[in-house]
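Coordinates as given in target16.cif (mmCIF, C-alpha atoms):
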data_model
loop_
_atom_site.group_PDB
_atom_site.id
_atom_site.type_symbol
_atom_site.label_atom_id
_atom_site.label_comp_id
_atom_site.auth_asym_id
_atom_site.auth_seq_id
_atom_site.Cartn_x
_atom_site.Cartn_y
_atom_site.Cartn_z
ATOM 1 C CA MET A 119 0.000 0.000 0.000
ATOM 2 C CA THR A 120 1.343 3.430 -0.938
ATOM 3 C CA MET A 121 0.121 6.524 0.814
ATOM 4 C CA LYS A 122 1.016 10.052 -0.273
ATOM 5 C CA CYS A 123 1.810 12.137 2.786
ATOM 6 C CA SER A 124 2.040 15.871 2.425
ATOM 7 C CA ILE A 125 0.479 16.622 5.812
ATOM 8 C CA GLY A 126 3.539 15.796 7.875
ATOM 9 C CA LEU A 127 5.280 12.630 8.928
ATOM 10 C CA LEU A 128 3.435 12.159 12.236
ATOM 11 C CA ALA A 129 0.006 12.599 10.661
ATOM 12 C CA CYS A 130 1.004 10.219 7.883
ATOM 13 C CA LEU A 131 2.137 7.552 10.327
ATOM 14 C CA VAL A 132 -1.088 7.872 12.338
ATOM 15 C CA SER A 133 -3.164 7.655 9.156
ATOM 16 C CA SER A 134 -1.203 4.618 7.991
ATOM 17 C CA ALA A 135 -1.704 2.901 11.348
ATOM 18 C CA ILE A 136 -5.443 3.512 11.156
ATOM 19 C CA VAL A 137 -5.625 2.099 7.617
ATOM 20 C CA VAL A 138 -3.581 -0.977 8.536
ATOM 21 C CA HIS A 139 -5.618 -1.520 11.728
ATOM 22 C CA ALA A 140 -8.855 -1.368 9.751
ATOM 23 C CA GLN A 141 -7.476 -4.065 7.471
ATOM 24 C CA ALA A 142 -6.729 -6.547 10.263
ATOM 25 C CA PRO A 143 -7.723 -9.846 8.665
ATOM 26 C CA GLY A 144 -10.338 -11.841 10.492
ATOM 27 C CA LEU A 145 -10.928 -9.466 13.386
ATOM 28 C CA LYS A 146 -14.270 -7.842 14.167
ATOM 29 C CA SER A 147 -15.100 -5.038 16.562
ATOM 30 C CA TYR A 148 -17.152 -5.945 19.627
ATOM 31 C CA SER A 149 -18.415 -3.362 22.126
ATOM 32 C CA TYR A 150 -19.436 -4.003 25.713
ATOM 33 C CA PRO A 151 -20.970 -0.776 27.099
ATOM 34 C CA ALA A 152 -21.880 -2.414 30.429
ATOM 35 C CA ASP A 153 -18.162 -2.955 31.042
ATOM 36 C CA GLY A 154 -17.019 0.201 29.231
ATOM 37 C CA PHE A 155 -14.765 -1.167 26.487
ATOM 38 C CA ARG A 156 -14.500 -2.278 22.897
ATOM 39 C CA ALA A 157 -11.956 -4.573 21.228
ATOM 40 C CA TYR A 158 -11.399 -6.553 18.061
ATOM 41 C CA PHE A 159 -11.656 -10.343 18.416
ATOM 42 C CA PRO A 160 -11.486 -13.126 15.780
ATOM 43 C CA THR A 161 -15.071 -14.126 16.753
ATOM 44 C CA GLU A 162 -17.464 -13.074 19.473
ATOM 45 C CA PRO A 163 -15.703 -13.885 22.736
ATOM 46 C CA LYS A 164 -17.105 -16.154 25.422
ATOM 47 C CA PHE A 165 -18.324 -14.235 28.483
ATOM 48 C CA THR A 166 -17.668 -15.488 32.010
ATOM 49 C CA LYS A 167 -18.389 -13.924 35.375
ATOM 50 C CA ALA A 168 -16.484 -14.753 38.547
ATOM 51 C CA ILE A 169 -17.175 -13.700 42.117
ATOM 52 C CA GLU A 170 -14.476 -13.853 44.753
ATOM 53 C CA SER A 171 -15.131 -13.132 48.416
ATOM 54 C CA THR A 172 -12.545 -10.865 50.017
ATOM 55 C CA LYS A 173 -12.224 -9.157 53.390
ATOM 56 C CA ASN A 174 -13.678 -6.024 51.736
ATOM 57 C CA GLY A 175 -16.681 -7.824 50.241
ATOM 58 C CA ASP A 176 -17.291 -9.597 46.966
ATOM 59 C CA SER A 177 -15.067 -8.845 43.995
ATOM 60 C CA VAL A 178 -16.700 -9.414 40.596
ATOM 61 C CA SER A 179 -14.802 -9.915 37.353
ATOM 62 C CA HIS A 180 -16.048 -10.264 33.800
ATOM 63 C CA SER A 181 -13.893 -11.988 31.199
ATOM 64 C CA TYR A 182 -14.300 -11.998 27.434
ATOM 65 C CA THR A 183 -12.269 -14.819 25.897
ATOM 66 C CA TYR A 184 -11.530 -16.145 22.433
ATOM 67 C CA GLU A 185 -9.508 -19.362 22.313
ATOM 68 C CA SER A 186 -8.188 -21.256 19.333
ATOM 69 C CA GLN A 187 -6.128 -24.441 19.479
ATOM 70 C CA ASN A 188 -3.002 -22.677 20.736
ATOM 71 C CA ASN A 189 -3.863 -19.006 21.276
ATOM 72 C CA ALA A 190 -6.044 -17.018 23.643
ATOM 73 C CA TYR A 191 -7.256 -13.405 23.459
ATOM 74 C CA VAL A 192 -8.733 -12.127 26.714
ATOM 75 C CA VAL A 193 -10.139 -8.923 28.173
ATOM 76 C CA THR A 194 -10.918 -9.057 31.879
ATOM 77 C CA VAL A 195 -12.740 -6.281 33.725
ATOM 78 C CA LEU A 196 -12.513 -6.001 37.526
ATOM 79 C CA ASP A 197 -14.366 -3.319 39.427
ATOM 80 C CA PHE A 198 -12.699 -2.748 42.797
ATOM 81 C CA GLY A 199 -15.342 -0.313 44.035
ATOM 82 C CA LYS A 200 -15.029 2.963 45.918
ATOM 83 C CA GLU A 201 -11.919 1.943 47.874
ATOM 84 C CA ALA A 202 -9.873 1.859 44.662
ATOM 85 C CA GLU A 203 -10.929 5.364 43.628
ATOM 86 C CA THR A 204 -8.668 6.928 46.261
ATOM 87 C CA ALA A 205 -5.773 4.475 45.853
ATOM 88 C CA ASP A 206 -2.629 5.251 43.867
ATOM 89 C CA PRO A 207 -3.215 3.638 40.433
ATOM 90 C CA SER A 208 0.495 2.833 39.995
ATOM 91 C CA VAL A 209 0.441 0.778 43.220
ATOM 92 C CA LEU A 210 -2.606 -1.189 42.061
ATOM 93 C CA ILE A 211 -1.118 -1.715 38.585
ATOM 94 C CA GLU A 212 2.137 -3.030 40.086
ATOM 95 C CA ALA A 213 0.224 -5.311 42.486
ATOM 96 C CA MET A 214 -1.789 -6.715 39.586
ATOM 97 C CA LYS A 215 1.416 -7.443 37.627
ATOM 98 C CA VAL A 216 2.927 -9.266 40.621
ATOM 99 C CA GLY A 217 -0.317 -11.210 41.085
ATOM 100 C CA MET A 218 -0.365 -12.258 37.440
ATOM 101 C CA LEU A 219 3.282 -13.375 37.569
ATOM 102 C CA THR A 220 2.402 -15.516 40.574
ATOM 103 C CA GLN A 221 -0.732 -16.888 38.893
ATOM 104 C CA PHE A 222 1.154 -17.794 35.692
ATOM 105 C CA LYS A 223 4.165 -19.038 37.692
ATOM 106 C CA GLY A 224 6.069 -17.176 35.035
ATOM 107 C CA ARG A 225 9.212 -15.222 34.341
ATOM 108 C CA LEU A 226 8.969 -11.510 33.558
ATOM 109 C CA ILE A 227 10.468 -10.825 30.108
ATOM 110 C CA SER A 228 9.807 -7.084 29.781
ATOM 111 C CA GLU A 229 7.710 -4.280 31.230
ATOM 112 C CA HIS A 230 7.039 -0.600 30.651
ATOM 113 C CA LYS A 231 4.490 2.015 31.625
ATOM 114 C CA ILE A 232 1.801 2.890 29.110
ATOM 115 C CA GLN A 233 -1.238 5.123 28.884
ATOM 116 C CA LEU A 234 -4.556 4.820 27.119
ATOM 117 C CA SER A 235 -5.448 8.477 26.621
ATOM 118 C CA VAL A 236 -5.106 9.680 30.243
ATOM 119 C CA VAL A 237 -5.609 6.237 31.814
ATOM 120 C CA PRO A 238 -2.392 4.818 33.335
ATOM 121 C CA GLY A 239 -1.279 1.302 32.581
ATOM 122 C CA MET A 240 1.532 -1.189 32.238
ATOM 123 C CA ALA A 241 2.563 -3.459 29.391
ATOM 124 C CA PHE A 242 4.549 -6.561 30.211
ATOM 125 C CA GLU A 243 5.413 -9.969 28.825
ATOM 126 C CA VAL A 244 5.683 -13.239 30.706
ATOM 127 C CA GLU A 245 6.929 -16.692 29.784
ATOM 128 C CA ALA A 246 5.541 -19.664 31.664
ATOM 129 C CA GLY A 247 6.179 -23.217 30.591
ATOM 130 C CA GLU A 248 5.759 -23.362 26.819
ATOM 131 C CA TYR A 249 3.641 -20.186 26.629
ATOM 132 C CA HIS A 250 4.296 -16.496 26.149
ATOM 133 C CA TYR A 251 1.813 -13.897 27.438
ATOM 134 C CA ILE A 252 1.582 -10.311 26.238
ATOM 135 C CA ILE A 253 -0.345 -8.283 28.809
ATOM 136 C CA ARG A 254 -1.589 -4.709 29.020
ATOM 137 C CA ASN A 255 -3.230 -3.488 32.241
ATOM 138 C CA TYR A 256 -5.124 -0.215 32.686
ATOM 139 C CA MET A 257 -6.615 1.388 35.806
ATOM 140 C CA ALA A 258 -9.602 3.648 35.010
ATOM 141 C CA GLY A 259 -11.107 5.009 38.225
ATOM 142 C CA SER A 260 -12.068 1.958 40.267
ATOM 143 C CA THR A 261 -12.063 -0.371 37.255
ATOM 144 C CA PHE A 262 -9.109 -2.469 36.198
ATOM 145 C CA TYR A 263 -8.873 -3.672 32.593
ATOM 146 C CA VAL A 264 -6.544 -6.515 31.607
ATOM 147 C CA THR A 265 -5.865 -7.469 27.989
ATOM 148 C CA VAL A 266 -3.906 -10.656 27.314
ATOM 149 C CA VAL A 267 -2.692 -12.600 24.309
ATOM 150 C CA GLY A 268 -1.355 -16.046 25.172
ATOM 151 C CA HIS A 269 0.485 -18.151 22.603
ATOM 152 C CA PRO A 270 3.185 -20.824 22.320
ATOM 153 C CA ILE A 271 6.704 -19.381 22.675
ATOM 154 C CA GLY A 272 8.059 -18.419 19.254
ATOM 155 C CA ASN A 273 4.652 -18.625 17.566
ATOM 156 C CA LYS A 274 3.033 -15.198 18.073
ATOM 157 C CA PRO A 275 -0.266 -14.848 16.184
ATOM 158 C CA THR A 276 -0.078 -12.334 13.332
ATOM 159 C CA ASP A 277 -3.100 -10.451 14.680
ATOM 160 C CA ALA A 278 -1.961 -10.264 18.334
ATOM 161 C CA ASP A 279 -0.882 -6.617 18.103
ATOM 162 C CA TYR A 280 -4.107 -5.687 16.302
ATOM 163 C CA PHE A 281 -6.100 -7.180 19.152
ATOM 164 C CA LEU A 282 -4.064 -5.411 21.853
ATOM 165 C CA ASP A 283 -4.059 -2.081 19.982
ATOM 166 C CA SER A 284 -7.810 -2.282 19.341
ATOM 167 C CA PHE A 285 -8.714 -2.148 23.024
ATOM 168 C CA GLY A 286 -10.404 1.128 23.908
ATOM 169 C CA LEU A 287 -12.583 2.564 26.615
ATOM 170 C CA ILE A 288 -16.125 3.630 25.778
ATOM 171 C CA THR A 289 -18.891 5.249 27.776
ATOM 172 C CA ARG A 290 -19.989 2.785 30.406
ATOM 173 C CA THR A 291 -23.725 2.198 30.712
ATOM 174 C CA VAL A 292 -25.469 1.402 33.956
ATOM 175 C CA LYS A 293 -27.326 -1.918 34.055
#
Could you write out this structure as structure tokens?
Amino acid sequence: MTMKCSIGLLACLVSSAIVVHAQAPGLKSYSYPADGFRAYFPTEPKFTKAIESTKNGDSVSHSYTYESQNNAYVVTVLDFGKEAETADPSVLIEAMKVGMLTQFKGRLISEHKIQLSVVPGMAFEVEAGEYHYIIRNYMAGSTFYVTVVGHPIGNKPTDADYFLDSFGLITRTVK
């Protein structure tokens, strides 16, 4: 694809990224206003709800998962309630990373801070057993969003970055 860019290099690169993203083969946009996000998945993801009792009450998570033979694309939404609204987001983001490393029993490969508009986050990669996980976490108010692509080491799906880059926050509706 050739694109003539007379509007400046940055604008050209952004326009090119948008065009390429729109051409992601096999991915479709799915929106979930009740959980306040949208993302591209290969097919409509499976929804699961989990409730965990904690000392501060019940914690509810919603997961949206697409799994193929070897790969998984996941968005998990956890609402921590009013207590999280006054907490330092960077502390919660770090705690979530440590928790995920423990859950995966994995080795941290890389990490760096990210932002989704003004929402703070962290991107990191983990290897555990024969699998590699690419994870992006975001803390928006009291809600934590986790996006994950899991795949066999050395066999990253060609649309993994499209999936991760497609994640966006939308206006959350009240049920």
Result set of the PyMOL selection byres ((chain A and resi 261) around 8) on the coordinates above, as a ChimeraX atom specification: /A:195-199,257-260,262-263
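Taking CA of Gln221 in chain A and CA of Tyr280 in chain A as the two end points, the separation is 25.4 Å.
Applied to the file shown here, the PyMOL selection byres ((chain A and resi 211) around 9) selects the residues Asp206, Pro207, Ser208, Val209, Leu210, Glu212, Ala213, Met214, Lys215, Val216, Pro238, Gly239, Met240, Asn255, Tyr256, Met257 and Phe262 of chain A.
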Residues of the last selection are to be written out with C-alpha atoms, as a compact mmCIF listing (two decimals), keeping the file's coordinate frame.
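Saved the output as part_10.txt:
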# COMPACT_ATOMS: atom_id res chain seq x y z
CA ASP A 206 -2.63 5.25 43.87
CA PRO A 207 -3.22 3.64 40.43
CA SER A 208 0.50 2.83 39.99
CA VAL A 209 0.44 0.78 43.22
CA LEU A 210 -2.61 -1.19 42.06
CA GLU A 212 2.14 -3.03 40.09
CA ALA A 213 0.22 -5.31 42.49
CA MET A 214 -1.79 -6.72 39.59
CA LYS A 215 1.42 -7.44 37.63
CA VAL A 216 2.93 -9.27 40.62
CA PRO A 238 -2.39 4.82 33.34
CA GLY A 239 -1.28 1.30 32.58
CA MET A 240 1.53 -1.19 32.24
CA ASN A 255 -3.23 -3.49 32.24
CA TYR A 256 -5.12 -0.22 32.69
CA MET A 257 -6.62 1.39 35.81
CA PHE A 262 -9.11 -2.47 36.20
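The spacing separating CA of Phe285 in chain A from CA of Thr220 in chain A amounts to 24.7 Å.
Atom pair CA of Lys164 in chain A / CA of Tyr184 in chain A has a distance of 6.3 Å (rounded to one decimal).
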Write out as a CSV table (one decimal) with C-alpha atoms, keeping the file's coordinate frame which residues come within 10 Å of Lys223 in chain A when counting all atoms listed in the file, dropping same-chain ones fewer than 6 positions away.
chain,number,residue,atom,x,y,z
A,217,GLY,CA,-0.3,-11.2,41.1
A,244,VAL,CA,5.7,-13.2,30.7
A,245,GLU,CA,6.9,-16.7,29.8
A,246,ALA,CA,5.5,-19.7,31.7
A,247,GLY,CA,6.2,-23.2,30.6
Take the PyMOL selection byres ((chain A and resi 145) around 12), apply it to the structure above, and return the hits as a JSON list (two decimals) with C-alpha atoms, in the coordinates of the input.
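The result, stored in expr_21.json:
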[["chain", "number", "residue", "atom", "x", "y", "z"],
["A", 139, "HIS", "CA", -5.62, -1.52, 11.73],
["A", 140, "ALA", "CA", -8.86, -1.37, 9.75],
["A", 141, "GLN", "CA", -7.48, -4.07, 7.47],
["A", 142, "ALA", "CA", -6.73, -6.55, 10.26],
["A", 143, "PRO", "CA", -7.72, -9.85, 8.66],
["A", 144, "GLY", "CA", -10.34, -11.84, 10.49],
["A", 146, "LYS", "CA", -14.27, -7.84, 14.17],
["A", 147, "SER", "CA", -15.10, -5.04, 16.56],
["A", 148, "TYR", "CA", -17.15, -5.94, 19.63],
["A", 157, "ALA", "CA", -11.96, -4.57, 21.23],
["A", 158, "TYR", "CA", -11.40, -6.55, 18.06],
["A", 159, "PHE", "CA", -11.66, -10.34, 18.42],
["A", 160, "PRO", "CA", -11.49, -13.13, 15.78],
["A", 161, "THR", "CA", -15.07, -14.13, 16.75],
["A", 162, "GLU", "CA", -17.46, -13.07, 19.47],
["A", 163, "PRO", "CA", -15.70, -13.88, 22.74],
["A", 184, "TYR", "CA", -11.53, -16.14, 22.43],
["A", 191, "TYR", "CA", -7.26, -13.40, 23.46],
["A", 276, "THR", "CA", -0.08, -12.33, 13.33],
["A", 277, "ASP", "CA", -3.10, -10.45, 14.68],
["A", 278, "ALA", "CA", -1.96, -10.26, 18.33],
["A", 279, "ASP", "CA", -0.88, -6.62, 18.10],
["A", 280, "TYR", "CA", -4.11, -5.69, 16.30],
["A", 281, "PHE", "CA", -6.10, -7.18, 19.15],
["A", 282, "LEU", "CA", -4.06, -5.41, 21.85],
["A", 284, "SER", "CA", -7.81, -2.28, 19.34]]
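Between Asn273 in chain A and the candidates A:Arg156, A:Phe242, A:Asn188, A:Thr204, the tightest atom-to-atom separation, counting only C-alpha atoms, involves A:Asn188.
Among the candidates A:His230, A:Arg225, A:His269, A:His180, the residue lying nearest to Ala152 in chain A is A:His180 (atoms considered: all atoms listed in the file).
Remark: for Ala241 in chain A, the closest of the candidate residues A:Thr166, A:Ser179, A:Ser228, A:Asn189 is A:Ser228 (distances computed over all atoms listed in the file).
Using all atoms listed in the file, the smallest distance between any of A:Arg290, A:Lys231, A:Arg254, A:Lys167 and Phe155 in chain A comes from A:Arg290.
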